[in-house]
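Heads up, the thing below is written out as structure tokens.
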Amino acid sequence: VVVSFRGTFSIEDCVSDVLIEPESLDVVAREFDFANVGGSDLNNSTTAQNGGHYCHGGMLMWVRNICRDLQRHKLLDKLLLGPNAEYPDYCLRLVGHSLGAATCTILSYMLRSKFPNLRCVNYSPPGCSVTWELAVGCKNWCNSFVLDSDIVPRLSLDSMEAWRDEILELIGRIKVPKIEVAKRFLKGSEGNNCGICFDPPLDDPEVTLQDLEDILYDPDEVPESEYKRQLERFKFIQEERKRLRGERRTIKLFPPGKMIHLVKTGEKRACIHGVAKCLTCFTTNFGFEYTPLWINNDDLD
């Protein structure tokens, strides 16, 4: 029996996505008997003082709604439990993508006491899913797949803030008109003979470095400007906001389960692959070759 959870689709899902602040799972953990995962005893005052279990706030809202729905309709009970179960010999499988991946992992903790043989399969779980004990504590029944450089498993408050700061820094370092940057980014290679296949080969590292020198100031050579002064002020304000958020802001969250990283190791470059990329606005993986590697839950941090 498979229960699947989709990723972000609606405006409501987007609202759940941005509720990224860690929320305590302590009440849920006690109710569904996973409070001692990773040796954490939430009834112990020392452990409670150190914070207990946490997860992405939007996902907690999702999983509470789903759990209430399952309890109200008792669909899984009718299918798998009791003498009158329709499929008593079947096992439960939870499958989720993106936002749904983290949701089904938390739900798997909640359902394990009733369905001890359940398995969980995640595709691209967010990097800001659960605290460390929960992330590694489900490895016996949960596998998570990460596709190459997918950004979702690398997302966290810290990574997004670092990404924001790097982009703002780079904008301040640009020493040519922005249209020139756009032209260099979009130009194809001279060796590309197919008019509709935008598939340039990897650039020569020396040429790339020269392009960067032509476009960007060195970090310590950026001239004074109104933008630079505003950026320094912005950084100061953000640090103050971070400090005012308190200790909960420092809680680190990780992607859950046994992690399999599908690393792109090759690419077929026939014309049909270029056409497929054009037709799908470069969202297809058609023609890519991947190698699976085991990684740790904090390797994408």
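Naming scheme: A, B, ... for chains in displayed order of the structure tokens; residues 1 onward per chain; ligands 1 onward as shown.
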
Report as a tab-separated table the residues of range 47-140 of chain A within 10 Å of range 23-30 of chain A, each with its shortest atom pair and distance in Å (one decimal), using only C-alpha atoms, ordered by chain and increasing residue number.
residue	atom	partner	partner_atom	distance
A:Ala48	CA	A:Asp26	CA	8.6
A:Gly51	CA	A:Ser24	CA	7.9
A:Gly52	CA	A:Asp26	CA	6.4
A:His53	CA	A:Leu25	CA	5.3
A:Tyr54	CA	A:Ser24	CA	4.4
A:Cys55	CA	A:Glu23	CA	5.5
A:His56	CA	A:Glu23	CA	6.2
A:Gly57	CA	A:Glu23	CA	4.9
A:Gly58	CA	A:Glu23	CA	8.6
A:Met59	CA	A:Glu23	CA	9.3
A:Leu60	CA	A:Glu23	CA	7.4
A:Met61	CA	A:Glu23	CA	9.6
A:Arg64	CA	A:Val28	CA	9.0
A:Ile106	CA	A:Leu25	CA	9.4
A:Tyr109	CA	A:Ala29	CA	8.3
A:Met110	CA	A:Ala29	CA	7.6
A:Val130	CA	A:Leu25	CA	9.3
A:Thr131	CA	A:Leu25	CA	9.8

Kindly export the residues of the current selection with N, CA, C and O atoms, as a PDB file, in the first residue's frame.
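Full text of selection-v1.pdb as output:
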ATOM      1  N   ALA A  48      15.420  18.457  27.526  1.00  0.00           N
ATOM      2  CA  ALA A  48      14.392  19.451  27.186  1.00  0.00           C
ATOM      3  C   ALA A  48      14.983  20.847  27.126  1.00  0.00           C
ATOM      4  O   ALA A  48      14.643  21.650  26.269  1.00  0.00           O
ATOM      5  N   GLY A  51      16.707  21.513  23.892  1.00  0.00           N
ATOM      6  CA  GLY A  51      15.891  21.774  22.708  1.00  0.00           C
ATOM      7  C   GLY A  51      15.061  20.633  22.192  1.00  0.00           C
ATOM      8  O   GLY A  51      14.059  20.844  21.546  1.00  0.00           O
ATOM      9  N   GLY A  52      15.430  19.357  22.410  1.00  0.00           N
ATOM     10  CA  GLY A  52      14.647  18.241  21.891  1.00  0.00           C
ATOM     11  C   GLY A  52      14.652  18.171  20.378  1.00  0.00           C
ATOM     12  O   GLY A  52      15.604  18.569  19.719  1.00  0.00           O
ATOM     13  N   HIS A  53      13.564  17.640  19.811  1.00  0.00           N
ATOM     14  CA  HIS A  53      13.465  17.455  18.366  1.00  0.00           C
ATOM     15  C   HIS A  53      12.754  18.641  17.715  1.00  0.00           C
ATOM     16  O   HIS A  53      11.764  19.159  18.241  1.00  0.00           O
ATOM     17  N   TYR A  54      13.229  19.008  16.507  1.00  0.00           N
ATOM     18  CA  TYR A  54      12.636  20.114  15.755  1.00  0.00           C
ATOM     19  C   TYR A  54      12.502  19.713  14.289  1.00  0.00           C
ATOM     20  O   TYR A  54      13.199  18.814  13.798  1.00  0.00           O
ATOM     21  N   CYS A  55      11.609  20.429  13.606  1.00  0.00           N
ATOM     22  CA  CYS A  55      11.458  20.224  12.166  1.00  0.00           C
ATOM     23  C   CYS A  55      11.056  21.542  11.516  1.00  0.00           C
ATOM     24  O   CYS A  55      10.761  22.525  12.199  1.00  0.00           O
ATOM     25  N   HIS A  56      11.045  21.565  10.199  1.00  0.00           N
ATOM     26  CA  HIS A  56      10.573  22.699   9.407  1.00  0.00           C
ATOM     27  C   HIS A  56       9.137  23.023   9.810  1.00  0.00           C
ATOM     28  O   HIS A  56       8.254  22.151   9.809  1.00  0.00           O
ATOM     29  N   GLY A  57       8.856  24.278  10.175  1.00  0.00           N
ATOM     30  CA  GLY A  57       7.546  24.654  10.690  1.00  0.00           C
ATOM     31  C   GLY A  57       6.397  24.373   9.742  1.00  0.00           C
ATOM     32  O   GLY A  57       5.333  23.912  10.153  1.00  0.00           O
ATOM     33  N   GLY A  58       6.575  24.652   8.444  1.00  0.00           N
ATOM     34  CA  GLY A  58       5.516  24.416   7.475  1.00  0.00           C
ATOM     35  C   GLY A  58       5.199  22.949   7.306  1.00  0.00           C
ATOM     36  O   GLY A  58       4.041  22.561   7.095  1.00  0.00           O
ATOM     37  N   MET A  59       6.232  22.093   7.415  1.00  0.00           N
ATOM     38  CA  MET A  59       6.018  20.653   7.281  1.00  0.00           C
ATOM     39  C   MET A  59       5.250  20.093   8.468  1.00  0.00           C
ATOM     40  O   MET A  59       4.442  19.168   8.319  1.00  0.00           O
ATOM     41  N   LEU A  60       5.497  20.635   9.653  1.00  0.00           N
ATOM     42  CA  LEU A  60       4.761  20.183  10.832  1.00  0.00           C
ATOM     43  C   LEU A  60       3.271  20.472  10.661  1.00  0.00           C
ATOM     44  O   LEU A  60       2.420  19.649  11.010  1.00  0.00           O
ATOM     45  N   MET A  61       2.949  21.631  10.104  1.00  0.00           N
ATOM     46  CA  MET A  61       1.547  21.977   9.854  1.00  0.00           C
ATOM     47  C   MET A  61       0.921  20.986   8.877  1.00  0.00           C
ATOM     48  O   MET A  61      -0.200  20.511   9.078  1.00  0.00           O
ATOM     49  N   ARG A  64       0.462  17.368  10.492  1.00  0.00           N
ATOM     50  CA  ARG A  64      -0.654  17.318  11.447  1.00  0.00           C
ATOM     51  C   ARG A  64      -1.975  17.166  10.709  1.00  0.00           C
ATOM     52  O   ARG A  64      -2.840  16.369  11.111  1.00  0.00           O
ATOM     53  N   ILE A 106       8.422  12.611   8.596  1.00  0.00           N
ATOM     54  CA  ILE A 106       7.867  12.869   9.929  1.00  0.00           C
ATOM     55  C   ILE A 106       6.667  11.959  10.178  1.00  0.00           C
ATOM     56  O   ILE A 106       6.512  11.386  11.268  1.00  0.00           O
ATOM     57  N   TYR A 109       7.646   8.480  11.287  1.00  0.00           N
ATOM     58  CA  TYR A 109       7.902   8.377  12.721  1.00  0.00           C
ATOM     59  C   TYR A 109       6.588   8.213  13.487  1.00  0.00           C
ATOM     60  O   TYR A 109       6.510   7.449  14.466  1.00  0.00           O
ATOM     61  N   MET A 110       5.566   8.921  13.070  1.00  0.00           N
ATOM     62  CA  MET A 110       4.285   8.900  13.769  1.00  0.00           C
ATOM     63  C   MET A 110       3.542   7.578  13.576  1.00  0.00           C
ATOM     64  O   MET A 110       2.748   7.163  14.435  1.00  0.00           O
ATOM     65  N   VAL A 130      14.623  18.148   9.385  1.00  0.00           N
ATOM     66  CA  VAL A 130      14.541  17.758  10.792  1.00  0.00           C
ATOM     67  C   VAL A 130      15.910  17.889  11.450  1.00  0.00           C
ATOM     68  O   VAL A 130      16.938  18.012  10.770  1.00  0.00           O
ATOM     69  N   THR A 131      15.923  17.845  12.784  1.00  0.00           N
ATOM     70  CA  THR A 131      17.187  17.894  13.520  1.00  0.00           C
ATOM     71  C   THR A 131      17.952  16.584  13.331  1.00  0.00           C
ATOM     72  O   THR A 131      17.420  15.585  12.855  1.00  0.00           O
TER      73      THR A 131
END

Output as JSON lines one row per residue of range 113-188 of chain A within 10 Å of range 33-37 of chain A: the closest atom pair and its distance in Å to one decimal place, counting only C-alpha atoms, sorted by chain and residue number ascending.
{"residue": "A:Ser113", "atom": "CA", "partner": "A:Asp33", "partner_atom": "CA", "distance": 7.3}
{"residue": "A:Glu133", "atom": "CA", "partner": "A:Val37", "partner_atom": "CA", "distance": 6.4}
{"residue": "A:Leu134", "atom": "CA", "partner": "A:Val37", "partner_atom": "CA", "distance": 6.6}
{"residue": "A:Ala135", "atom": "CA", "partner": "A:Val37", "partner_atom": "CA", "distance": 9.9}
{"residue": "A:Val136", "atom": "CA", "partner": "A:Val37", "partner_atom": "CA", "distance": 9.3}
{"residue": "A:Gly137", "atom": "CA", "partner": "A:Val37", "partner_atom": "CA", "distance": 6.2}
{"residue": "A:Cys138", "atom": "CA", "partner": "A:Val37", "partner_atom": "CA", "distance": 8.9}

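Going from CA of Met259 in chain A over to CA of Asn122 in chain A, you cover 9.3 Å.
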
### Task
Please return as a PyMOL selection string: the residues of range 206-235 of chain A that backbone DSSP assigns to alpha helix (DSSP H).
chain A and resi 206-215+226-235

### Task
Find the distance between CA of Gly100 in chain A and CA of Ser159 in chain A and write it in Å to one decimal.
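These atoms are spaced 20.6 Å apart.
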
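Among the candidates A:Gly172, A:Gly287, A:Gly246, A:Gly82, the one nearest to Gln230 in chain A when counting only C-alpha atoms is A:Gly172.
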
Fewer than 5 positions away in the same chain doesn't count, so skip those; otherwise give me all residues within 9 Å of Lys268 in chain A, counting only C-alpha atoms, as a PDB file with C-alpha atoms, in the first residue's frame.
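The resulting around_3.pdb:
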ATOM      1  CA  HIS A 273      19.267  15.822 -26.702  1.00  0.00           C
ATOM      2  CA  PHE A 286      17.392  13.418 -21.067  1.00  0.00           C
ATOM      3  CA  GLY A 287      20.842  12.246 -22.120  1.00  0.00           C
ATOM      4  CA  PHE A 288      22.479  12.697 -18.698  1.00  0.00           C
ATOM      5  CA  GLU A 289      24.325   9.793 -17.064  1.00  0.00           C
TER       6      GLU A 289
END
